[in-house]
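Let me begin by presenting the structure, written as structure tokens, before commenting on it.
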Amino acid sequence: MDNNQTEISNLGEFGLIERLTKDFPLKNQESKLGVGDDAAILSFGAEDVLVTTDLLLEGIHFDLRYVPLKHLGYKAAIVNFSDIYAMNGTPKQITVSLGVSSRFTVEHLDAIYSGIRLACELYGVDLVGGDTSASVTGLVISITCIGVASAAEVVRRS
């Protein structure tokens with residue numbers, strides 16, 4: 001790497017997000033808050049729509065030697081729900097996308113989804129879509145959560 005290059009760690013997570021997204025101004029009146037908080041805010045009347053996504057990577061966010069797959073599925077859903085709750089909203093729907101290497105079986109994926117199902121049942125959230133893909137690096141889980149909040153009661157980090 002060139003010596004004039006900036007290490008990602010020098011910026012930190014929020015500094016990196018700011019740098020990568022600063023040239024993306026909001027263009028639609030429904031987009032009240034974009035990148036930079038726990039969830040985006042989309043306004044469609046008296047209620048705001050909150051949207052958040054979390055990506056969990058094997059070897060970075062979890063180690064399968066220590067985490068049962070059902071627990072991992074539950075955690076993956078809950079971390080998204082918590083972003084909606086943090087803004088005083090209610091999670092309503094999720095989409096689940098998986099990148100899966102060849103070492104995983106259908107039964108492994110059943111276990112992950114059993115944890116996701118448990119979280120959805122406990123918190124009243126619907127699974128409404130997602131995607132799957134092959135992965136050469138292990139397991140990747142990406143969940144997007146959609147929630148709602150009263151426009152007058154949304155809580156931002158600021």
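In the structure tokens, chains take letters A, B, ... by order of appearance, with residues numbered from 1 within each chain and ligands from 1 in the order shown.
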
DSSP helix (DSSP H, G or I) selection over range 3-34 of chain A, as an MDAnalysis selection string:
chainID A and resid 8:21

Proximity of range 47-97 of chain A to range 109-126 of chain A: per-residue shortest pair, 9 Å limit, only C-alpha atoms, as CSV:
residue,atom,partner,partner_atom,distance
A:Pro68,CA,A:Ala111,CA,8.5
A:Leu69,CA,A:Ile112,CA,5.0
A:Lys70,CA,A:Gly115,CA,4.3
A:His71,CA,A:Gly115,CA,5.8
A:Leu72,CA,A:Ile112,CA,6.4
A:Gly73,CA,A:Ile112,CA,4.4
A:Tyr74,CA,A:Gly115,CA,4.2
A:Lys75,CA,A:Gly115,CA,7.8
A:Ala76,CA,A:Ile116,CA,7.4
A:Ala77,CA,A:Ile116,CA,5.8
A:Ile78,CA,A:Ala119,CA,6.7
A:Phe81,CA,A:Tyr123,CA,8.5
A:Pro91,CA,A:Val125,CA,6.3
A:Lys92,CA,A:Val125,CA,4.7
A:Gln93,CA,A:Asp126,CA,4.6
A:Ile94,CA,A:Asp126,CA,6.2
A:Thr95,CA,A:Asp126,CA,8.7

Run DSSP on the backbone and grab whatever in range 29-138 of chain A lands in strand (DSSP E); send it over as a PyMOL selection string.
chain A and resi 31-33+40-43+47-57+90-100+126-134

Okay, now the selection with N, CA and C atoms, as an mmCIF file, in the first residue's frame?
data_model
loop_
_atom_site.group_PDB
_atom_site.id
_atom_site.type_symbol
_atom_site.label_atom_id
_atom_site.label_comp_id
_atom_site.auth_asym_id
_atom_site.auth_seq_id
_atom_site.Cartn_x
_atom_site.Cartn_y
_atom_site.Cartn_z
ATOM 1 N N SER A 31 -37.327 11.481 2.486
ATOM 2 C CA SER A 31 -36.093 11.121 3.186
ATOM 3 C C SER A 31 -35.762 12.205 4.210
ATOM 4 N N LYS A 32 -36.167 11.983 5.454
ATOM 5 C CA LYS A 32 -35.941 12.973 6.506
ATOM 6 C C LYS A 32 -34.539 12.883 7.090
ATOM 7 N N LEU A 33 -34.025 11.659 7.250
ATOM 8 C CA LEU A 33 -32.693 11.465 7.809
ATOM 9 C C LEU A 33 -32.052 10.286 7.113
ATOM 10 N N ALA A 40 -32.290 5.070 9.238
ATOM 11 C CA ALA A 40 -32.770 6.154 8.381
ATOM 12 C C ALA A 40 -34.208 6.468 8.764
ATOM 13 N N ILE A 41 -34.654 7.702 8.456
ATOM 14 C CA ILE A 41 -36.039 8.076 8.710
ATOM 15 C C ILE A 41 -36.666 8.479 7.387
ATOM 16 N N LEU A 42 -37.763 7.805 7.039
ATOM 17 C CA LEU A 42 -38.534 8.111 5.844
ATOM 18 C C LEU A 42 -39.916 8.559 6.303
ATOM 19 N N SER A 43 -40.389 9.676 5.793
ATOM 20 C CA SER A 43 -41.656 10.224 6.273
ATOM 21 C C SER A 43 -42.744 10.041 5.231
ATOM 22 N N GLU A 47 -46.639 8.967 10.571
ATOM 23 C CA GLU A 47 -45.621 8.034 11.050
ATOM 24 C C GLU A 47 -44.395 8.106 10.162
ATOM 25 N N ASP A 48 -43.245 7.966 10.806
ATOM 26 C CA ASP A 48 -41.997 7.862 10.069
ATOM 27 C C ASP A 48 -41.659 6.397 9.894
ATOM 28 N N VAL A 49 -41.057 6.080 8.772
ATOM 29 C CA VAL A 49 -40.556 4.740 8.521
ATOM 30 C C VAL A 49 -39.067 4.753 8.849
ATOM 31 N N LEU A 50 -38.630 3.809 9.679
ATOM 32 C CA LEU A 50 -37.230 3.688 10.066
ATOM 33 C C LEU A 50 -36.639 2.472 9.366
ATOM 34 N N VAL A 51 -35.444 2.624 8.807
ATOM 35 C CA VAL A 51 -34.798 1.534 8.078
ATOM 36 C C VAL A 51 -33.357 1.417 8.559
ATOM 37 N N THR A 52 -32.944 0.200 8.909
ATOM 38 C CA THR A 52 -31.579 -0.035 9.372
ATOM 39 C C THR A 52 -31.079 -1.365 8.829
ATOM 40 N N THR A 53 -29.771 -1.478 8.685
ATOM 41 C CA THR A 53 -29.147 -2.712 8.198
ATOM 42 C C THR A 53 -27.913 -3.018 9.031
ATOM 43 N N ASP A 54 -27.740 -4.282 9.364
ATOM 44 C CA ASP A 54 -26.517 -4.724 10.029
ATOM 45 C C ASP A 54 -25.944 -5.917 9.277
ATOM 46 N N LEU A 55 -24.634 -5.925 9.163
ATOM 47 C CA LEU A 55 -23.896 -6.981 8.483
ATOM 48 C C LEU A 55 -23.029 -7.686 9.512
ATOM 49 N N LEU A 56 -23.163 -9.011 9.602
ATOM 50 C CA LEU A 56 -22.360 -9.813 10.527
ATOM 51 C C LEU A 56 -21.481 -10.762 9.724
ATOM 52 N N LEU A 57 -20.178 -10.696 9.967
ATOM 53 C CA LEU A 57 -19.215 -11.487 9.218
ATOM 54 C C LEU A 57 -18.528 -12.502 10.125
ATOM 55 N N THR A 90 -40.876 1.036 16.481
ATOM 56 C CA THR A 90 -41.294 -0.352 16.615
ATOM 57 C C THR A 90 -40.887 -1.103 15.356
ATOM 58 N N PRO A 91 -40.051 -2.153 15.488
ATOM 59 C CA PRO A 91 -39.689 -2.936 14.301
ATOM 60 C C PRO A 91 -40.908 -3.686 13.774
ATOM 61 N N LYS A 92 -41.045 -3.720 12.449
ATOM 62 C CA LYS A 92 -42.202 -4.364 11.821
ATOM 63 C C LYS A 92 -41.822 -5.486 10.859
ATOM 64 N N GLN A 93 -40.791 -5.269 10.038
ATOM 65 C CA GLN A 93 -40.398 -6.248 9.031
ATOM 66 C C GLN A 93 -38.877 -6.347 8.965
ATOM 67 N N ILE A 94 -38.410 -7.528 8.529
ATOM 68 C CA ILE A 94 -36.994 -7.702 8.215
ATOM 69 C C ILE A 94 -36.844 -8.438 6.895
ATOM 70 N N THR A 95 -35.702 -8.196 6.264
ATOM 71 C CA THR A 95 -35.230 -9.037 5.173
ATOM 72 C C THR A 95 -33.908 -9.638 5.637
ATOM 73 N N VAL A 96 -33.644 -10.865 5.231
ATOM 74 C CA VAL A 96 -32.445 -11.585 5.649
ATOM 75 C C VAL A 96 -31.681 -12.022 4.406
ATOM 76 N N SER A 97 -30.414 -11.632 4.327
ATOM 77 C CA SER A 97 -29.550 -12.077 3.240
ATOM 78 C C SER A 97 -28.372 -12.828 3.824
ATOM 79 N N LEU A 98 -28.060 -13.967 3.211
ATOM 80 C CA LEU A 98 -26.968 -14.823 3.683
ATOM 81 C C LEU A 98 -25.973 -15.078 2.561
ATOM 82 N N GLY A 99 -24.694 -15.027 2.924
ATOM 83 C CA GLY A 99 -23.622 -15.546 2.084
ATOM 84 C C GLY A 99 -23.131 -16.804 2.773
ATOM 85 N N VAL A 100 -23.153 -17.935 2.076
ATOM 86 C CA VAL A 100 -22.912 -19.227 2.714
ATOM 87 C C VAL A 100 -21.839 -19.999 1.953
ATOM 88 N N ASP A 126 -42.235 -9.353 11.092
ATOM 89 C CA ASP A 126 -42.446 -10.221 9.927
ATOM 90 C C ASP A 126 -41.167 -10.351 9.101
ATOM 91 N N LEU A 127 -40.864 -11.561 8.661
ATOM 92 C CA LEU A 127 -39.817 -11.790 7.667
ATOM 93 C C LEU A 127 -40.478 -11.613 6.307
ATOM 94 N N VAL A 128 -39.998 -10.634 5.512
ATOM 95 C CA VAL A 128 -40.673 -10.316 4.252
ATOM 96 C C VAL A 128 -39.804 -10.504 3.010
ATOM 97 N N GLY A 129 -38.575 -10.987 3.190
ATOM 98 C CA GLY A 129 -37.751 -11.206 2.002
ATOM 99 C C GLY A 129 -36.301 -11.398 2.364
ATOM 100 N N GLY A 130 -35.465 -11.387 1.329
ATOM 101 C CA GLY A 130 -34.035 -11.539 1.519
ATOM 102 C C GLY A 130 -33.383 -12.129 0.290
ATOM 103 N N ASP A 131 -32.184 -12.664 0.508
ATOM 104 C CA ASP A 131 -31.412 -13.198 -0.605
ATOM 105 C C ASP A 131 -30.394 -14.188 -0.048
ATOM 106 N N THR A 132 -29.921 -15.080 -0.896
ATOM 107 C CA THR A 132 -28.829 -15.976 -0.533
ATOM 108 C C THR A 132 -27.806 -15.976 -1.657
ATOM 109 N N SER A 133 -26.560 -16.210 -1.284
ATOM 110 C CA SER A 133 -25.479 -16.255 -2.255
ATOM 111 C C SER A 133 -24.396 -17.184 -1.739
ATOM 112 N N ALA A 134 -23.607 -17.700 -2.652
ATOM 113 C CA ALA A 134 -22.435 -18.476 -2.257
ATOM 114 C C ALA A 134 -21.387 -17.526 -1.693
#

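Residue nearest Arg19 in chain A within the list A:Ile143, A:Asn4, A:Tyr85, A:Val35: A:Val35 [criterion: smallest interatomic distance, only C-alpha atoms].
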
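Minimum distance to Ile84 in chain A across A:Glu18, A:Asn10, A:Gln29, A:Ala39 (counting only C-alpha atoms) occurs at A:Ala39.
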
Between CA of Lys27 in chain A and CA of Val154 in chain A - distance in Å to one decimal:
21.1 Å

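CA of Gly59 in chain A is positioned 26.3 Å from CA of Thr21 in chain A.
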
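Of the listed residues A:Asp23, A:Glu58, A:Asp63, A:Glu30, the one whose atoms come nearest to Thr137 in chain A is A:Glu58, with distances taken using only C-alpha atoms.
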
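Between CA of Asp38 in chain A and CA of Leu16 in chain A the interatomic distance comes to 15.3 Å.
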